[in-house]
Each structure stands twice: as structure tokens, then as C-alpha cells.
file final.pdb (PDB, C-alpha atoms)
ATOM      1  CA  VAL A   1      15.351   2.510 -25.013
ATOM      2  CA  ALA A   2      17.341   1.867 -21.825
ATOM      3  CA  ALA A   3      17.484   5.579 -20.997
ATOM      4  CA  GLY A   4      13.720   5.847 -21.486
ATOM      5  CA  ALA A   5      13.131   2.848 -19.226
ATOM      6  CA  VAL A   6      15.361   4.318 -16.514
ATOM      7  CA  GLY A   7      13.525   7.659 -16.760
ATOM      8  CA  LEU A   8      10.148   5.955 -16.523
ATOM      9  CA  ALA A   9      11.287   3.874 -13.519
ATOM     10  CA  TRP A  10      12.566   7.005 -11.762
ATOM     11  CA  ASP A  11       9.267   8.806 -12.383
ATOM     12  CA  ARG A  12       7.296   5.852 -11.032
ATOM     13  CA  TYR A  13       9.508   5.709  -7.941
ATOM     14  CA  ARG A  14       8.946   9.422  -7.265
ATOM     15  CA  SER A  15       5.169   9.038  -7.462
ATOM     16  CA  LEU A  16       4.919   6.224  -4.879
ATOM     17  CA  GLY A  17       3.520   7.137  -1.501
ATOM     18  CA  HIS A  18       0.957   6.547   1.202
ATOM     19  CA  ALA A  19      -0.366   8.222   4.320
ATOM     20  CA  VAL A  20      -2.630   7.263   7.211
ATOM     21  CA  LEU A  21      -4.783  10.139   8.439
ATOM     22  CA  GLY A  22      -6.886  10.259  11.580
ATOM     23  CA  ALA A  23      -5.461   7.083  13.108
ATOM     24  CA  GLY A  24      -5.596   6.990  16.883
ATOM     25  CA  THR A  25      -8.316   9.612  17.208
ATOM     26  CA  THR A  26     -11.726   8.645  18.522
ATOM     27  CA  ASP A  27     -13.773  11.392  16.871
ATOM     28  CA  ALA A  28     -12.659  10.866  13.257
ATOM     29  CA  PRO A  29     -12.320   7.711  11.182
ATOM     30  CA  ALA A  30      -8.915   6.681   9.849
ATOM     31  CA  TRP A  31      -8.165   7.141   6.165
ATOM     32  CA  LEU A  32      -5.612   5.391   3.960
ATOM     33  CA  ILE A  33      -4.316   7.610   1.168
ATOM     34  CA  THR A  34      -2.229   5.860  -1.494
ATOM     35  CA  ARG A  35      -0.611   7.100  -4.673
ATOM     36  CA  GLY A  36       1.184   5.423  -7.552
ATOM     37  CA  GLY A  37       1.704   5.107 -11.277
ATOM     38  CA  SER A  38       3.789   7.011 -13.759
ATOM     39  CA  LEU A  39       2.108   7.918 -17.003
ATOM     40  CA  ASP A  40      -1.287   7.328 -15.401
ATOM     41  CA  ARG A  41      -0.940   8.583 -11.815
ATOM     42  CA  ARG A  42      -3.706   7.874  -9.373
ATOM     43  CA  ARG A  43      -4.496   8.818  -5.801
ATOM     44  CA  VAL A  44      -6.994   6.829  -3.760
ATOM     45  CA  SER A  45      -8.544   7.759  -0.408
ATOM     46  CA  LEU A  46     -10.096   4.889   1.549
ATOM     47  CA  GLU A  47     -11.972   5.210   4.810
ATOM     48  CA  ALA A  48     -10.970   2.457   7.249
ATOM     49  CA  ASP A  49     -14.587   1.334   7.699
ATOM     50  CA  GLY A  50     -14.739   0.530   3.961
ATOM     51  CA  ILE A  51     -11.805  -1.891   4.069
ATOM     52  CA  ILE A  52     -12.911  -5.500   4.520
ATOM     53  CA  GLY A  53      -9.599  -7.324   4.260
ATOM     54  CA  TRP A  54      -5.838  -7.055   3.885
ATOM     55  CA  THR A  55      -3.184  -8.954   1.976
ATOM     56  CA  VAL A  56       0.564  -8.495   2.303
ATOM     57  CA  ARG A  57       2.525 -10.090  -0.510
ATOM     58  CA  GLN A  58       6.056 -10.146  -1.859
ATOM     59  CA  SER A  59       7.380 -11.229  -5.231
ATOM     60  CA  PHE A  60      10.784 -12.835  -5.570
ATOM     61  CA  PHE A  61      12.374  -9.482  -6.445
ATOM     62  CA  GLN A  62      10.533  -7.653  -3.646
ATOM     63  CA  ARG A  63      11.900 -10.138  -1.105
ATOM     64  CA  ARG A  64      15.415  -9.450  -2.404
ATOM     65  CA  ALA A  65      14.841  -5.691  -2.111
ATOM     66  CA  GLY A  66      13.137  -5.935   1.323
ATOM     67  CA  VAL A  67       9.836  -4.394   0.200
ATOM     68  CA  ALA A  68       6.235  -5.637   0.051
ATOM     69  CA  THR A  69       2.880  -4.779  -1.497
ATOM     70  CA  VAL A  70      -0.045  -4.209   0.885
ATOM     71  CA  VAL A  71      -3.476  -4.731  -0.683
ATOM     72  CA  ALA A  72      -6.613  -3.281   0.926
ATOM     73  CA  ALA A  73      -9.777  -5.106  -0.201
ATOM     74  CA  THR A  74     -13.050  -3.187  -0.446
ATOM     75  CA  PRO A  75     -16.569  -4.197  -1.530
ATOM     76  CA  ALA A  76     -16.825  -1.164  -3.844
ATOM     77  CA  GLY A  77     -14.825   0.432  -6.623
ATOM     78  CA  THR A  78     -12.156  -1.775  -8.174
ATOM     79  CA  GLY A  79     -12.265  -4.025  -5.103
ATOM     80  CA  ARG A  80      -8.578  -3.741  -4.249
ATOM     81  CA  TYR A  81      -6.133  -0.919  -3.740
ATOM     82  CA  GLU A  82      -2.385  -1.390  -3.436
ATOM     83  CA  VAL A  83       0.388   0.293  -1.502
ATOM     84  CA  VAL A  84       3.367  -0.766  -3.620
ATOM     85  CA  ASP A  85       6.984  -1.209  -2.484
ATOM     86  CA  LEU A  86       6.454  -0.451   1.181
ATOM     87  CA  PRO A  87       9.408  -1.527   3.372
ATOM     88  CA  ALA A  88       8.535  -5.057   4.504
ATOM     89  CA  GLU A  89       8.985  -4.309   8.214
ATOM     90  CA  GLN A  90       6.358  -1.524   7.933
ATOM     91  CA  ALA A  91       3.687  -3.582   6.121
ATOM     92  CA  TRP A  92       1.834  -4.955   9.155
ATOM     93  CA  ALA A  93       2.321  -1.659  10.997
ATOM     94  CA  LEU A  94       0.367   0.047   8.198
ATOM     95  CA  VAL A  95      -2.451  -2.503   8.518
ATOM     96  CA  GLU A  96      -2.528  -1.995  12.293
ATOM     97  CA  ALA A  97      -2.535   1.806  11.948
ATOM     98  CA  VAL A  98      -5.549   1.838   9.618
ATOM     99  CA  THR A  99      -7.592  -0.947  11.213
ATOM    100  CA  PRO A 100      -6.396  -1.687  14.766
ATOM    101  CA  GLY A 101      -6.556  -5.387  15.599
ATOM    102  CA  ALA A 102      -6.741  -6.574  11.977
ATOM    103  CA  GLY A 103      -3.091  -7.619  11.934
ATOM    104  CA  ASP A 104      -3.672  -9.955  14.890
ATOM    105  CA  ALA A 105      -6.344 -12.014  13.159
ATOM    106  CA  TRP A 106      -4.235 -13.550  10.386
ATOM    107  CA  VAL A 107      -0.484 -13.433  10.524
ATOM    108  CA  CYS A 108       1.067 -15.608   7.830
ATOM    109  CA  ARG A 109       4.726 -15.346   6.933
TER     110      ARG A 109
END

call {"tool": "encode", "arguments": {"input": "final.pdb", "output": "C-alpha cells"}}
result
Amino acid sequence: VAAGAVGLAWDRYRSLGHAVLGAGTTDAPAWLITRGGSLDRRRVSLEADGIIGWTVRQSFFQRRAGVATVVAATPAGTGRYEVVDLPAEQAWALVEAVTPGAGDAWVCR
């Protein structure tokens, strides 16, 4: 059982990822691409104009590991999309890259 759990954790770790496309260009909107899961992998592409809010959160174990979960809220689809286990110092930089100025509105630590 332990070997299976370690294998599943490794597979989930390998499938984590995100990208910000089109940020900083005036002619194209920015896109947030996020990926995650293990047995049920999923990839989500969100246009920056469709994101209505952000949440950055950390569990007890995430704080110990120095990572955070960034949640992009949308009015459509499932309503929230997560970028899991992002290094904590990069969390607000991701928010700023996708929606410039959004990180300045609410900074809670």
C-alpha cells in the first residue's frame, strides 16, 4: 500500500503545472493555463477577462513546505480553478501576471 501511495504521489507531482500566456502584450489577452491531477488529469485554460477574483491560501502543511494554492474564481464552469503547490513567493506574482493590478486591491497575509 505504501509503495502504491508513493507512486501515486510521484505521478501527481509530475502532472502539476501552470503557465501564463500573452501577459504583457497589448494586442492579445492573457491566459492562465493550469494542470493537475493523477488518475484524472485535467488541463484548464482561462482567459484573464473571465477571472473575477483571486484567493491565495495555505494549509498547515503547505506553510511548512513553503507552497500555496492560488484559486481563480470565474462566473462560469465550476466557478473556481486551482494552481496547486505553487511556491509561496510566486503566488502574488502569478496573480499580477494574469490580471495586472489585482494583487494591489487586497493583500492579506

call {"tool": "resolve_selection", "arguments": {"input": "final.pdb", "expression": "the PyMOL selection byres ((chain A and resi 35) around 9)", "output": "PyMOL selection string"}}
result
chain A and resi 15-18+33-34+36-37+41-44+82-84

call {"tool": "atom_distance", "arguments": {"input": "final.pdb", "atom1": "atom CA of Leu8 of chain A", "atom2": "atom CA of Ala73 of chain A"}}
result
28.0 Å

call {"tool": "atom_distance", "arguments": {"input": "final.pdb", "atom1": "atom CA of Val98 of chain A", "atom2": "atom CA of Phe60 of chain A"}}
result
26.7 Å

call {"tool": "resolve_selection", "arguments": {"input": "final.pdb", "expression": "the PyMOL selection byres ((chain A and resi 23) around 10)", "output": "list in words"}}
result
Val20, Leu21, Gly22, Gly24, Thr25, Thr26, Ala28, Pro29, Ala30, Trp31, Leu32, Ala48, Glu96, Ala97, Val98, Thr99 and Pro100 of chain A

call {"tool": "write_last_selection", "arguments": {"input": "final.pdb", "atoms": "C-alpha atoms", "output": "CSV table (one decimal), keeping the file's coordinate frame"}}
result
chain,number,residue,atom,x,y,z
A,20,VAL,CA,-2.6,7.3,7.2
A,21,LEU,CA,-4.8,10.1,8.4
A,22,GLY,CA,-6.9,10.3,11.6
A,24,GLY,CA,-5.6,7.0,16.9
A,25,THR,CA,-8.3,9.6,17.2
A,26,THR,CA,-11.7,8.6,18.5
A,28,ALA,CA,-12.7,10.9,13.3
A,29,PRO,CA,-12.3,7.7,11.2
A,30,ALA,CA,-8.9,6.7,9.8
A,31,TRP,CA,-8.2,7.1,6.2
A,32,LEU,CA,-5.6,5.4,4.0
A,48,ALA,CA,-11.0,2.5,7.2
A,96,GLU,CA,-2.5,-2.0,12.3
A,97,ALA,CA,-2.5,1.8,11.9
A,98,VAL,CA,-5.5,1.8,9.6
A,99,THR,CA,-7.6,-0.9,11.2
A,100,PRO,CA,-6.4,-1.7,14.8

call {"tool": "residues_around", "arguments": {"input": "final.pdb", "residues": "Ala68 of chain A", "least_positions_apart": "3", "cutoff": "9 Å", "atoms": "all atoms listed in the file", "output": "NGL selection string"}}
result
:A and (56-59 or 62-63 or 65 or 83-91)

call {"tool": "atom_distance", "arguments": {"input": "final.pdb", "atom1": "atom CA of Pro75 of chain A", "atom2": "atom CA of Leu46 of chain A"}}
result
11.6 Å
